[in-house]
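Colleague: Before I ask anything, here is the structure I am working with.
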Amino acid sequence: MIKVAFIGAGSVEFTRNVATDLCGYPEFRAGLHFALYDISAERLAHAERLVNRISAQSGADATVTATLDRRAALAGADYVINEVQVGGYAATRADFDIPARYGVRQTIGDTLGIGGIFRGLRTIPVVLDLARDMLEVCPDAYLLSYSNPMAMLPWAAYEGAGFGRVFGLCHSVRDTQAFLTELVGADPERVRFLTAGFNHQAFVLRFEQDGQSLYPRLAEVIEASPELRRRVRVEIFRRFGYFPTESSEHSAEYVPWFMRHDDQIEQFRIFVGDYLERSEENLRELASLEAQLAGNEPLTLEPENELASLFIHSLETGTERELHVNIRNGGLIASLPDECCVEVPCLVGAGGAKPVPVGALPPQLAALNRTFLNVVELTVRAALDGSRDHVYQAALLDPNTAATLTTAQTVAMCDELLEAHRHLLPAALHIPARLPRIGG
């Protein structure tokens with residue numbers, strides 16, 4: 001029996017996708033136990049109805065349990081799927097609305113920027129508690145984490161809790177590779193990639209078919225398309241020479257050149273506040289699915305090839321796959337610090353999960369990654385060390401915030417957000433910090 005625990009099981013997307021995939025594997029028939037946990041009894045009940053329906057409709061005959069006790073869900077688990085969003089939609093609204101009053105524009109706000117900082121601060125304590133529970137009740141389990149900010153959460157788990165079997169999973173690399181393959185008209189069976197960096201700011205280092213680089217062809221396609229040149233990620237490719245893995249909506253807020261300028265918002269068609277609309281759409285989707293379950297309507301169950309499903313299937317069956325994961329660097333990318341959390345290829349199969357060393361990044365990519373790392377590292381340190389000063393410093397070094405606000409405005413904005421999220425933050429961050437005395 002394979003036990004998979006879902007933490008934050010009320011997620012709109014991941015519980016459904018992973019359960020559907022796992023129930024669809026013939027090798028796992030009558031051999032699955034889904035343990036569901038959520039802090040919301042209502043969301044948990046929804047997840048239980050959903051996963052039971054998936055199991056019954058697919059004929060998987062899975063065991064499904066639901067509990068408000070996290071340790072009970074974790075006990076004996078082989079795999080733990082983390083999909084928590086601490087504070088939900090209300091916290092996300094605060095992450096957007098408060099900075100907007102200061103003139104800070106955001107698109108997604110879940111990875112970097114002021115929104116990413118505060119999502120990290122309120123999520124890291126939950127992930128630390130989860131990792132510590134796993135060390136006690138399922139120390140050999142894999143923690144497969146979908147929650148953002150991805151570059152912060154695994155780092156906090158292995159450094160703050162000493163839990164090393166954490167793998168962050170994100171679709172961005174896979175989706176980018178498929179996009180590029182289609183864009184240049186290449187054969188997916190013959191294309192080879194090497195992609196690495198930070199989650200949401202990794203780069204396609206090699207893009208080849210039959211040993212020949214496809215980058216010249218990509219450049220031709222882009223130069224022939226005015227519409228493609230109106231994408232932020234394409235502009236980054238044109239200036240830095242390598243294609244980034246994250247969407248233009250994300251990428252725009254990781255750098256200082258776009259969000260501050262009205263003409264750039266227009267030129268690159270940047271959707272300010274995009275994540276708020278996505279969140280509202282998720283809530284509508286949840287209500288629609290609940291009505292479908294209540295009416296006993298058959299679900300449309302299609303394989304999603306979700307990354308956690310592929311990871312589990314590869315380990316359990318020995319089916320070899322290359323997946324991209326977010327883990328402790330430890331020399332995998334030579335030009336980035338050992339302790340940070342990087343996104344690299346990983347060979348998963350009979351031999352376990354083995355990350356692939358990448359070597360050094362081109363210097364311009366390492367430099368860009370370091371501006372990303374500054375914010376990530378200070379946010380992790382703020383949460384682990386209880387340092388309010390590090391919160392301010394993370395925001396002051398954030399490219400988008402720094403391009404928009406003065407130091408005093410940045411500190412005032414952080415103070416408002418610290419108060420708004422007070423009930424979700426480490427207690428040490430409630431204490432006002434003292435500025436260092438200058439000259440004496």
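A note on labels: chains of the structure tokens are A, B, ... as shown, every chain counts residues from 1, and ligands are counted from 1 in their shown order.
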Identify all residues of segment 258-361 of chain A in strand (DSSP E) (DSSP on the backbone) and supply them as an mmCIF file with all heavy atoms, in the first residue's frame.
Modeller:
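The resulting file, selection.cif, is reproduced below:
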```
data_model
loop_
_atom_site.group_PDB
_atom_site.id
_atom_site.type_symbol
_atom_site.label_atom_id
_atom_site.label_comp_id
_atom_site.auth_asym_id
_atom_site.auth_seq_id
_atom_site.Cartn_x
_atom_site.Cartn_y
_atom_site.Cartn_z
ATOM 1 N N ARG A 321 12.714 8.687 -15.463
ATOM 2 C CA ARG A 321 12.269 9.967 -16.030
ATOM 3 C C ARG A 321 13.223 11.063 -15.581
ATOM 4 O O ARG A 321 13.797 10.992 -14.499
ATOM 5 C CB ARG A 321 10.864 10.334 -15.539
ATOM 6 C CG ARG A 321 9.743 9.463 -16.043
ATOM 7 C CD ARG A 321 8.398 10.010 -15.577
ATOM 8 N NE ARG A 321 7.271 9.270 -16.144
ATOM 9 C CZ ARG A 321 6.646 8.271 -15.539
ATOM 10 N NH1 ARG A 321 7.064 7.860 -14.343
ATOM 11 N NH2 ARG A 321 5.633 7.674 -16.120
ATOM 12 N N GLU A 322 13.351 12.095 -16.435
ATOM 13 C CA GLU A 322 14.031 13.318 -16.021
ATOM 14 C C GLU A 322 12.971 14.344 -15.660
ATOM 15 O O GLU A 322 12.170 14.746 -16.504
ATOM 16 C CB GLU A 322 14.931 13.872 -17.130
ATOM 17 C CG GLU A 322 15.673 15.135 -16.697
ATOM 18 C CD GLU A 322 16.533 15.747 -17.792
ATOM 19 O OE1 GLU A 322 17.692 15.322 -17.935
ATOM 20 O OE2 GLU A 322 16.014 16.628 -18.509
ATOM 21 N N LEU A 323 12.965 14.749 -14.415
ATOM 22 C CA LEU A 323 12.070 15.785 -13.929
ATOM 23 C C LEU A 323 12.916 16.930 -13.401
ATOM 24 O O LEU A 323 14.072 16.737 -13.023
ATOM 25 C CB LEU A 323 11.166 15.248 -12.815
ATOM 26 C CG LEU A 323 10.318 14.016 -13.146
ATOM 27 C CD1 LEU A 323 9.577 13.530 -11.901
ATOM 28 C CD2 LEU A 323 9.338 14.310 -14.264
ATOM 29 N N HIS A 324 12.354 18.113 -13.365
ATOM 30 C CA HIS A 324 13.063 19.250 -12.766
ATOM 31 C C HIS A 324 12.540 19.463 -11.352
ATOM 32 O O HIS A 324 11.331 19.489 -11.120
ATOM 33 C CB HIS A 324 12.897 20.502 -13.626
ATOM 34 C CG HIS A 324 13.792 20.492 -14.824
ATOM 35 N ND1 HIS A 324 13.510 19.741 -15.935
ATOM 36 C CD2 HIS A 324 14.996 21.105 -15.064
ATOM 37 C CE1 HIS A 324 14.484 19.891 -16.821
ATOM 38 N NE2 HIS A 324 15.396 20.712 -16.317
ATOM 39 N N VAL A 325 13.484 19.590 -10.418
ATOM 40 C CA VAL A 325 13.129 19.698 -9.014
ATOM 41 C C VAL A 325 13.859 20.877 -8.388
ATOM 42 O O VAL A 325 14.864 21.364 -8.918
ATOM 43 C CB VAL A 325 13.475 18.409 -8.240
ATOM 44 C CG1 VAL A 325 12.753 17.199 -8.828
ATOM 45 C CG2 VAL A 325 14.989 18.166 -8.218
ATOM 46 N N ASN A 326 13.346 21.311 -7.255
ATOM 47 C CA ASN A 326 13.957 22.396 -6.481
ATOM 48 C C ASN A 326 14.479 21.819 -5.180
ATOM 49 O O ASN A 326 13.711 21.332 -4.349
ATOM 50 C CB ASN A 326 12.915 23.478 -6.218
ATOM 51 C CG ASN A 326 12.500 24.182 -7.494
ATOM 52 O OD1 ASN A 326 13.097 25.165 -7.895
ATOM 53 N ND2 ASN A 326 11.463 23.648 -8.160
ATOM 54 N N ILE A 327 15.802 21.869 -5.032
ATOM 55 C CA ILE A 327 16.474 21.232 -3.901
ATOM 56 C C ILE A 327 17.682 22.079 -3.498
ATOM 57 O O ILE A 327 18.054 23.031 -4.182
ATOM 58 C CB ILE A 327 16.954 19.802 -4.257
ATOM 59 C CG1 ILE A 327 17.831 19.841 -5.506
ATOM 60 C CG2 ILE A 327 15.796 18.854 -4.441
ATOM 61 C CD1 ILE A 327 18.501 18.532 -5.807
ATOM 62 N N ARG A 328 18.310 21.669 -2.390
ATOM 63 C CA ARG A 328 19.529 22.358 -1.938
ATOM 64 C C ARG A 328 20.603 22.267 -3.013
ATOM 65 O O ARG A 328 20.840 21.200 -3.585
ATOM 66 C CB ARG A 328 20.025 21.749 -0.633
ATOM 67 C CG ARG A 328 21.210 22.501 -0.019
ATOM 68 C CD ARG A 328 21.650 21.854 1.292
ATOM 69 N NE ARG A 328 22.690 22.661 1.932
ATOM 70 C CZ ARG A 328 23.983 22.598 1.641
ATOM 71 N NH1 ARG A 328 24.408 21.744 0.716
ATOM 72 N NH2 ARG A 328 24.855 23.371 2.270
ATOM 73 N N CYS A 341 18.410 27.166 -2.638
ATOM 74 C CA CYS A 341 17.555 26.155 -3.262
ATOM 75 C C CYS A 341 17.486 26.437 -4.758
ATOM 76 O O CYS A 341 17.013 27.496 -5.173
ATOM 77 C CB CYS A 341 16.162 26.208 -2.642
ATOM 78 S SG CYS A 341 14.975 25.065 -3.390
ATOM 79 N N VAL A 342 17.956 25.495 -5.564
ATOM 80 C CA VAL A 342 18.033 25.695 -7.013
ATOM 81 C C VAL A 342 17.107 24.727 -7.746
ATOM 82 O O VAL A 342 16.686 23.703 -7.199
ATOM 83 C CB VAL A 342 19.477 25.514 -7.527
ATOM 84 C CG1 VAL A 342 20.387 26.600 -6.968
ATOM 85 C CG2 VAL A 342 20.015 24.118 -7.190
ATOM 86 N N GLU A 343 16.830 25.074 -9.000
ATOM 87 C CA GLU A 343 16.019 24.205 -9.861
ATOM 88 C C GLU A 343 16.931 23.575 -10.906
ATOM 89 O O GLU A 343 17.576 24.284 -11.695
ATOM 90 C CB GLU A 343 14.915 25.020 -10.531
ATOM 91 C CG GLU A 343 13.902 24.177 -11.286
ATOM 92 C CD GLU A 343 12.632 24.952 -11.583
ATOM 93 O OE1 GLU A 343 12.728 26.009 -12.259
ATOM 94 O OE2 GLU A 343 11.552 24.528 -11.158
ATOM 95 N N VAL A 344 16.985 22.234 -10.897
ATOM 96 C CA VAL A 344 17.891 21.500 -11.780
ATOM 97 C C VAL A 344 17.204 20.226 -12.267
ATOM 98 O O VAL A 344 16.214 19.773 -11.682
ATOM 99 C CB VAL A 344 19.201 21.109 -11.047
ATOM 100 C CG1 VAL A 344 20.029 22.333 -10.693
ATOM 101 C CG2 VAL A 344 18.913 20.270 -9.808
ATOM 102 N N PRO A 345 17.740 19.616 -13.343
ATOM 103 C CA PRO A 345 17.221 18.306 -13.747
ATOM 104 C C PRO A 345 17.508 17.262 -12.682
ATOM 105 O O PRO A 345 18.511 17.348 -11.960
ATOM 106 C CB PRO A 345 17.992 18.004 -15.045
ATOM 107 C CG PRO A 345 18.653 19.277 -15.444
ATOM 108 C CD PRO A 345 18.834 20.090 -14.204
ATOM 109 N N CYS A 346 16.634 16.267 -12.625
ATOM 110 C CA CYS A 346 16.793 15.191 -11.642
ATOM 111 C C CYS A 346 16.353 13.889 -12.298
ATOM 112 O O CYS A 346 15.260 13.814 -12.878
ATOM 113 C CB CYS A 346 15.938 15.485 -10.407
ATOM 114 S SG CYS A 346 16.094 14.294 -9.067
ATOM 115 N N LEU A 347 17.202 12.867 -12.238
ATOM 116 C CA LEU A 347 16.863 11.556 -12.779
ATOM 117 C C LEU A 347 16.157 10.757 -11.686
ATOM 118 O O LEU A 347 16.732 10.496 -10.620
ATOM 119 C CB LEU A 347 18.120 10.836 -13.262
ATOM 120 C CG LEU A 347 18.921 11.575 -14.340
ATOM 121 C CD1 LEU A 347 20.173 10.783 -14.713
ATOM 122 C CD2 LEU A 347 18.063 11.838 -15.574
ATOM 123 N N VAL A 348 14.917 10.389 -11.951
ATOM 124 C CA VAL A 348 14.089 9.703 -10.961
ATOM 125 C C VAL A 348 13.740 8.321 -11.495
ATOM 126 O O VAL A 348 13.276 8.188 -12.636
ATOM 127 C CB VAL A 348 12.805 10.500 -10.662
ATOM 128 C CG1 VAL A 348 12.034 9.855 -9.508
ATOM 129 C CG2 VAL A 348 13.123 11.954 -10.348
ATOM 130 N N GLY A 349 13.974 7.288 -10.672
ATOM 131 C CA GLY A 349 13.670 5.929 -11.112
ATOM 132 C C GLY A 349 14.139 4.911 -10.110
ATOM 133 O O GLY A 349 14.114 5.157 -8.895
ATOM 134 N N GLY A 352 16.474 5.899 -7.291
ATOM 135 C CA GLY A 352 16.059 6.984 -6.422
ATOM 136 C C GLY A 352 15.933 8.276 -7.211
ATOM 137 O O GLY A 352 15.673 8.265 -8.420
ATOM 138 N N ALA A 353 16.125 9.390 -6.539
ATOM 139 C CA ALA A 353 16.053 10.707 -7.164
ATOM 140 C C ALA A 353 17.439 11.326 -7.135
ATOM 141 O O ALA A 353 17.942 11.692 -6.072
ATOM 142 C CB ALA A 353 15.044 11.584 -6.432
ATOM 143 N N LYS A 354 18.065 11.443 -8.312
ATOM 144 C CA LYS A 354 19.454 11.890 -8.395
ATOM 145 C C LYS A 354 19.544 13.188 -9.193
ATOM 146 O O LYS A 354 19.403 13.178 -10.427
ATOM 147 C CB LYS A 354 20.311 10.805 -9.057
ATOM 148 C CG LYS A 354 20.361 9.502 -8.255
ATOM 149 C CD LYS A 354 21.241 8.470 -8.942
ATOM 150 C CE LYS A 354 21.322 7.190 -8.107
ATOM 151 N NZ LYS A 354 22.160 6.160 -8.771
ATOM 152 N N PRO A 355 19.788 14.313 -8.519
ATOM 153 C CA PRO A 355 19.912 15.582 -9.239
ATOM 154 C C PRO A 355 21.158 15.592 -10.120
ATOM 155 O O PRO A 355 22.168 14.948 -9.821
ATOM 156 C CB PRO A 355 20.010 16.616 -8.118
ATOM 157 C CG PRO A 355 20.480 15.861 -6.925
ATOM 158 C CD PRO A 355 19.919 14.481 -7.061
#
```
Colleague: Enumerate, in order of chain and increasing residue number, the residues of segment 259-373 of chain A with an atom no farther than 12 Å from segment 389-404 of chain A, each with its shortest atom pair and distance in Å to one decimal, counting only C-alpha atoms, as JSON lines.
Modeller:
```
{"residue": "A:Met259", "atom": "CA", "partner": "A:Asn400", "partner_atom": "CA", "distance": 6.8}
{"residue": "A:Arg260", "atom": "CA", "partner": "A:Thr404", "partner_atom": "CA", "distance": 5.9}
{"residue": "A:His261", "atom": "CA", "partner": "A:Thr404", "partner_atom": "CA", "distance": 9.3}
{"residue": "A:Leu368", "atom": "CA", "partner": "A:Pro399", "partner_atom": "CA", "distance": 10.5}
{"residue": "A:Asn369", "atom": "CA", "partner": "A:Pro399", "partner_atom": "CA", "distance": 11.6}
{"residue": "A:Arg370", "atom": "CA", "partner": "A:Leu397", "partner_atom": "CA", "distance": 10.9}
{"residue": "A:Thr371", "atom": "CA", "partner": "A:Pro399", "partner_atom": "CA", "distance": 7.3}
{"residue": "A:Phe372", "atom": "CA", "partner": "A:Asp398", "partner_atom": "CA", "distance": 7.7}
{"residue": "A:Leu373", "atom": "CA", "partner": "A:Asp398", "partner_atom": "CA", "distance": 9.7}
```
Colleague: Those residues you just picked out, can you put them in a file as an mmCIF file, in the first residue's frame with C-alpha atoms?
Modeller:
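Final output, saved to again22.cif:
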```cif
data_model
loop_
_atom_site.group_PDB
_atom_site.id
_atom_site.type_symbol
_atom_site.label_atom_id
_atom_site.label_comp_id
_atom_site.auth_asym_id
_atom_site.auth_seq_id
_atom_site.Cartn_x
_atom_site.Cartn_y
_atom_site.Cartn_z
ATOM 1 C CA MET A 259 6.456 47.508 -13.627
ATOM 2 C CA ARG A 260 7.421 51.084 -12.704
ATOM 3 C CA HIS A 261 6.867 52.475 -16.210
ATOM 4 C CA LEU A 368 20.585 38.053 -12.619
ATOM 5 C CA ASN A 369 20.014 35.083 -10.317
ATOM 6 C CA ARG A 370 21.943 36.812 -7.555
ATOM 7 C CA THR A 371 19.472 39.730 -7.560
ATOM 8 C CA PHE A 372 16.742 37.109 -7.079
ATOM 9 C CA LEU A 373 18.760 35.302 -4.394
#
```
Colleague: Looking at only C-alpha atoms, which of A:Val80, A:Ile2, A:Ala366, A:Ala72 is the one that sits closest to Pro337 of chain A?
Modeller: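 Checking each of A:Val80, A:Ile2, A:Ala366, A:Ala72 against Pro337 of chain A, counting only C-alpha atoms, the winner is A:Ala366.
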Colleague: List as a short mmCIF file (atom, residue, chain, number, x, y, z; two decimals) with N, CA and C atoms, in the first residue's frame the protein and nucleic acid residues near Gly160 of chain A, meaning an atom at most 12 Å away when only C-alpha atoms are counted, but skip any in the same chain fewer than 2 places from it.
Modeller:
```
data_model
loop_
_atom_site.label_atom_id
_atom_site.label_comp_id
_atom_site.auth_asym_id
_atom_site.auth_seq_id
_atom_site.Cartn_x
_atom_site.Cartn_y
_atom_site.Cartn_z
N ILE A 124 6.55 29.92 5.67
CA ILE A 124 7.71 29.22 6.22
C ILE A 124 7.41 28.59 7.58
N PRO A 125 6.76 29.28 8.53
CA PRO A 125 6.47 28.61 9.81
C PRO A 125 5.63 27.34 9.66
N VAL A 126 4.69 27.35 8.73
CA VAL A 126 3.84 26.17 8.50
C VAL A 126 4.67 25.03 7.91
N VAL A 127 5.54 25.34 6.97
CA VAL A 127 6.39 24.31 6.36
C VAL A 127 7.39 23.76 7.37
N LEU A 128 7.91 24.61 8.24
CA LEU A 128 8.80 24.12 9.30
C LEU A 128 8.09 23.14 10.21
N ASP A 129 6.87 23.48 10.63
CA ASP A 129 6.11 22.57 11.49
C ASP A 129 5.81 21.26 10.77
N LEU A 130 5.48 21.35 9.48
CA LEU A 130 5.22 20.15 8.69
C LEU A 130 6.47 19.28 8.62
N ALA A 131 7.62 19.88 8.31
CA ALA A 131 8.87 19.11 8.20
C ALA A 131 9.25 18.47 9.54
N ARG A 132 9.04 19.19 10.64
CA ARG A 132 9.35 18.62 11.95
C ARG A 132 8.43 17.45 12.28
N MET A 152 12.08 29.59 -1.58
CA MET A 152 12.23 29.83 -0.13
C MET A 152 11.85 28.61 0.70
N LEU A 153 10.78 27.92 0.35
CA LEU A 153 10.20 26.92 1.26
C LEU A 153 11.08 25.69 1.45
N PRO A 154 11.59 25.04 0.39
CA PRO A 154 12.50 23.92 0.64
C PRO A 154 13.74 24.34 1.42
N TRP A 155 14.27 25.53 1.14
CA TRP A 155 15.43 26.05 1.87
C TRP A 155 15.11 26.11 3.36
N ALA A 156 13.95 26.64 3.70
CA ALA A 156 13.56 26.72 5.11
C ALA A 156 13.42 25.33 5.72
N ALA A 157 12.88 24.37 4.96
CA ALA A 157 12.66 23.03 5.49
C ALA A 157 13.97 22.33 5.80
N TYR A 158 14.95 22.41 4.88
CA TYR A 158 16.19 21.66 5.16
C TYR A 158 17.10 22.40 6.12
N GLY A 162 15.95 20.68 9.37
CA GLY A 162 16.86 19.57 9.15
C GLY A 162 16.25 18.43 8.36
N PHE A 163 15.21 18.73 7.58
CA PHE A 163 14.57 17.70 6.77
C PHE A 163 15.06 17.82 5.33
N GLY A 164 15.75 16.79 4.84
CA GLY A 164 16.41 16.88 3.55
C GLY A 164 15.66 16.30 2.38
N GLU A 339 24.10 26.70 -0.11
CA GLU A 339 22.94 26.56 0.77
C GLU A 339 21.63 26.95 0.12
N VAL A 380 14.14 34.15 3.95
CA VAL A 380 14.34 32.92 4.72
C VAL A 380 14.99 33.23 6.07
N ARG A 381 16.00 34.07 6.05
CA ARG A 381 16.67 34.42 7.30
C ARG A 381 15.73 35.20 8.22
N ALA A 382 14.90 36.07 7.67
CA ALA A 382 13.95 36.81 8.49
C ALA A 382 13.03 35.86 9.23
N ALA A 383 12.55 34.83 8.54
CA ALA A 383 11.64 33.87 9.17
C ALA A 383 12.36 32.97 10.17
N LEU A 384 13.54 32.47 9.81
CA LEU A 384 14.26 31.54 10.69
C LEU A 384 14.85 32.24 11.90
N ASP A 385 15.32 33.47 11.71
CA ASP A 385 15.99 34.19 12.79
C ASP A 385 15.07 35.15 13.52
N GLY A 386 13.86 35.34 13.03
CA GLY A 386 12.94 36.29 13.65
C GLY A 386 13.42 37.72 13.53
#
```
Colleague: Name all residues at most 12 Å from Asn296 of chain A (count only C-alpha atoms; drop same-chain ones fewer than 3 positions away) and give them as a VMD selection string.
Modeller: chain A and resid 49 to 50 52 to 54 57 289 to 293 299
Colleague: Kindly export the residues of the current selection with N, CA and C atoms, as a PDB file, in the first residue's frame.
Modeller:
```
ATOM      1  N   ARG A  49     -14.929  14.204  -0.592  1.00  0.00           N
ATOM      2  CA  ARG A  49     -15.937  13.837  -1.599  1.00  0.00           C
ATOM      3  C   ARG A  49     -15.295  13.694  -2.977  1.00  0.00           C
ATOM      4  N   LEU A  50     -14.416  14.629  -3.299  1.00  0.00           N
ATOM      5  CA  LEU A  50     -13.776  14.628  -4.610  1.00  0.00           C
ATOM      6  C   LEU A  50     -12.913  13.386  -4.812  1.00  0.00           C
ATOM      7  N   ASN A  52     -12.852  10.524  -3.179  1.00  0.00           N
ATOM      8  CA  ASN A  52     -13.672   9.300  -3.209  1.00  0.00           C
ATOM      9  C   ASN A  52     -14.336   9.120  -4.568  1.00  0.00           C
ATOM     10  N   ARG A  53     -14.834  10.210  -5.145  1.00  0.00           N
ATOM     11  CA  ARG A  53     -15.459  10.126  -6.467  1.00  0.00           C
ATOM     12  C   ARG A  53     -14.437   9.728  -7.533  1.00  0.00           C
ATOM     13  N   ILE A  54     -13.241  10.320  -7.467  1.00  0.00           N
ATOM     14  CA  ILE A  54     -12.191   9.967  -8.433  1.00  0.00           C
ATOM     15  C   ILE A  54     -11.848   8.486  -8.329  1.00  0.00           C
ATOM     16  N   GLN A  57     -14.877   6.353  -9.646  1.00  0.00           N
ATOM     17  CA  GLN A  57     -15.120   6.483 -11.082  1.00  0.00           C
ATOM     18  C   GLN A  57     -14.006   5.843 -11.900  1.00  0.00           C
ATOM     19  N   LEU A 289     -17.251  22.851  -9.043  1.00  0.00           N
ATOM     20  CA  LEU A 289     -16.935  21.445  -8.798  1.00  0.00           C
ATOM     21  C   LEU A 289     -17.754  20.905  -7.638  1.00  0.00           C
ATOM     22  N   GLU A 290     -17.964  21.728  -6.600  1.00  0.00           N
ATOM     23  CA  GLU A 290     -18.770  21.294  -5.460  1.00  0.00           C
ATOM     24  C   GLU A 290     -20.205  21.003  -5.902  1.00  0.00           C
ATOM     25  N   ALA A 291     -20.753  21.841  -6.771  1.00  0.00           N
ATOM     26  CA  ALA A 291     -22.107  21.606  -7.292  1.00  0.00           C
ATOM     27  C   ALA A 291     -22.152  20.322  -8.115  1.00  0.00           C
ATOM     28  N   GLN A 292     -21.094  20.074  -8.861  1.00  0.00           N
ATOM     29  CA  GLN A 292     -21.016  18.854  -9.656  1.00  0.00           C
ATOM     30  C   GLN A 292     -20.988  17.619  -8.768  1.00  0.00           C
ATOM     31  N   LEU A 293     -20.227  17.689  -7.684  1.00  0.00           N
ATOM     32  CA  LEU A 293     -20.169  16.562  -6.754  1.00  0.00           C
ATOM     33  C   LEU A 293     -21.506  16.347  -6.062  1.00  0.00           C
ATOM     34  N   LEU A 299     -17.441  13.036 -13.202  1.00  0.00           N
ATOM     35  CA  LEU A 299     -16.333  13.953 -13.414  1.00  0.00           C
ATOM     36  C   LEU A 299     -15.629  13.629 -14.728  1.00  0.00           C
TER      37      LEU A 299
END
```
Colleague: List as a PDB file with N, CA and C atoms, in the first residue's frame the protein and nucleic acid residues near Val358 of chain A, meaning an atom at most 10 Å away when only C-alpha atoms are counted, but skip any in the same chain fewer than 6 places from it.
Modeller:
```
ATOM      1  N   LEU A 194      18.923  21.587 -21.618  1.00  0.00           N
ATOM      2  CA  LEU A 194      19.524  21.680 -20.286  1.00  0.00           C
ATOM      3  C   LEU A 194      19.013  22.990 -19.699  1.00  0.00           C
ATOM      4  N   THR A 195      18.333  22.889 -18.575  1.00  0.00           N
ATOM      5  CA  THR A 195      17.673  24.050 -17.973  1.00  0.00           C
ATOM      6  C   THR A 195      17.983  24.082 -16.490  1.00  0.00           C
ATOM      7  N   ALA A 196      18.359  25.265 -15.968  1.00  0.00           N
ATOM      8  CA  ALA A 196      18.697  25.358 -14.543  1.00  0.00           C
ATOM      9  C   ALA A 196      18.700  26.812 -14.101  1.00  0.00           C
ATOM     10  N   GLY A 197      18.657  26.990 -12.784  1.00  0.00           N
ATOM     11  CA  GLY A 197      18.669  28.313 -12.166  1.00  0.00           C
ATOM     12  C   GLY A 197      17.852  28.279 -10.900  1.00  0.00           C
ATOM     13  N   LEU A 205      19.641  26.578 -20.936  1.00  0.00           N
ATOM     14  CA  LEU A 205      21.069  26.712 -21.230  1.00  0.00           C
ATOM     15  C   LEU A 205      21.434  26.038 -22.546  1.00  0.00           C
ATOM     16  N   GLY A 331      26.528  22.582  -4.690  1.00  0.00           N
ATOM     17  CA  GLY A 331      27.466  22.444  -5.794  1.00  0.00           C
ATOM     18  C   GLY A 331      26.844  22.063  -7.124  1.00  0.00           C
ATOM     19  N   LEU A 332      25.536  21.867  -7.188  1.00  0.00           N
ATOM     20  CA  LEU A 332      24.900  21.497  -8.458  1.00  0.00           C
ATOM     21  C   LEU A 332      25.050  22.611  -9.495  1.00  0.00           C
ATOM     22  N   ILE A 333      24.906  23.860  -9.053  1.00  0.00           N
ATOM     23  CA  ILE A 333      25.188  25.023  -9.897  1.00  0.00           C
ATOM     24  C   ILE A 333      26.371  25.734  -9.261  1.00  0.00           C
ATOM     25  N   ALA A 334      27.510  25.660  -9.903  1.00  0.00           N
ATOM     26  CA  ALA A 334      28.763  26.082  -9.274  1.00  0.00           C
ATOM     27  C   ALA A 334      28.809  27.571  -8.974  1.00  0.00           C
ATOM     28  N   SER A 335      28.073  28.382  -9.722  1.00  0.00           N
ATOM     29  CA  SER A 335      28.152  29.829  -9.546  1.00  0.00           C
ATOM     30  C   SER A 335      27.127  30.373  -8.562  1.00  0.00           C
ATOM     31  N   VAL A 344      16.985  22.234 -10.897  1.00  0.00           N
ATOM     32  CA  VAL A 344      17.891  21.500 -11.780  1.00  0.00           C
ATOM     33  C   VAL A 344      17.204  20.226 -12.267  1.00  0.00           C
ATOM     34  N   PRO A 345      17.740  19.616 -13.343  1.00  0.00           N
ATOM     35  CA  PRO A 345      17.221  18.306 -13.747  1.00  0.00           C
ATOM     36  C   PRO A 345      17.508  17.262 -12.682  1.00  0.00           C
TER      37      PRO A 345
END
```
Colleague: With 10 Å as the cut-off and only C-alpha atoms counted, what is the closest atom pair between each nearby residue of segment 58-124 of chain A and segment 25-41 of chain A? Distances in Å to one decimal, ordered by chain and number, as JSON lines.
Modeller:
```
{"residue": "A:Ser58", "atom": "CA", "partner": "A:Arg29", "partner_atom": "CA", "distance": 9.5}
{"residue": "A:Gly59", "atom": "CA", "partner": "A:Arg29", "partner_atom": "CA", "distance": 7.7}
{"residue": "A:Ala60", "atom": "CA", "partner": "A:Arg29", "partner_atom": "CA", "distance": 4.8}
{"residue": "A:Asp61", "atom": "CA", "partner": "A:Ala30", "partner_atom": "CA", "distance": 5.0}
{"residue": "A:Ala62", "atom": "CA", "partner": "A:Leu32", "partner_atom": "CA", "distance": 4.9}
{"residue": "A:Thr63", "atom": "CA", "partner": "A:His33", "partner_atom": "CA", "distance": 4.6}
{"residue": "A:Val64", "atom": "CA", "partner": "A:Phe34", "partner_atom": "CA", "distance": 4.9}
{"residue": "A:Thr65", "atom": "CA", "partner": "A:Ala35", "partner_atom": "CA", "distance": 4.9}
{"residue": "A:Ala66", "atom": "CA", "partner": "A:Leu36", "partner_atom": "CA", "distance": 4.6}
{"residue": "A:Thr67", "atom": "CA", "partner": "A:Tyr37", "partner_atom": "CA", "distance": 5.3}
{"residue": "A:Leu68", "atom": "CA", "partner": "A:Tyr37", "partner_atom": "CA", "distance": 5.7}
{"residue": "A:Asp69", "atom": "CA", "partner": "A:Tyr37", "partner_atom": "CA", "distance": 7.0}
{"residue": "A:Arg70", "atom": "CA", "partner": "A:Tyr37", "partner_atom": "CA", "distance": 6.0}
{"residue": "A:Arg71", "atom": "CA", "partner": "A:Tyr37", "partner_atom": "CA", "distance": 9.2}
{"residue": "A:Ala72", "atom": "CA", "partner": "A:Ala35", "partner_atom": "CA", "distance": 8.6}
{"residue": "A:Ala73", "atom": "CA", "partner": "A:Ala35", "partner_atom": "CA", "distance": 5.3}
{"residue": "A:Leu74", "atom": "CA", "partner": "A:Ala35", "partner_atom": "CA", "distance": 7.6}
{"residue": "A:Ala75", "atom": "CA", "partner": "A:Ala35", "partner_atom": "CA", "distance": 9.4}
{"residue": "A:Ala77", "atom": "CA", "partner": "A:Ala35", "partner_atom": "CA", "distance": 8.3}
{"residue": "A:Asp78", "atom": "CA", "partner": "A:His33", "partner_atom": "CA", "distance": 9.9}
{"residue": "A:Tyr79", "atom": "CA", "partner": "A:Phe34", "partner_atom": "CA", "distance": 9.9}
{"residue": "A:Val80", "atom": "CA", "partner": "A:Ala35", "partner_atom": "CA", "distance": 9.2}
{"residue": "A:Ile81", "atom": "CA", "partner": "A:Leu36", "partner_atom": "CA", "distance": 9.8}
{"residue": "A:Glu83", "atom": "CA", "partner": "A:Asp38", "partner_atom": "CA", "distance": 9.9}
{"residue": "A:Val84", "atom": "CA", "partner": "A:Asp38", "partner_atom": "CA", "distance": 8.5}
```
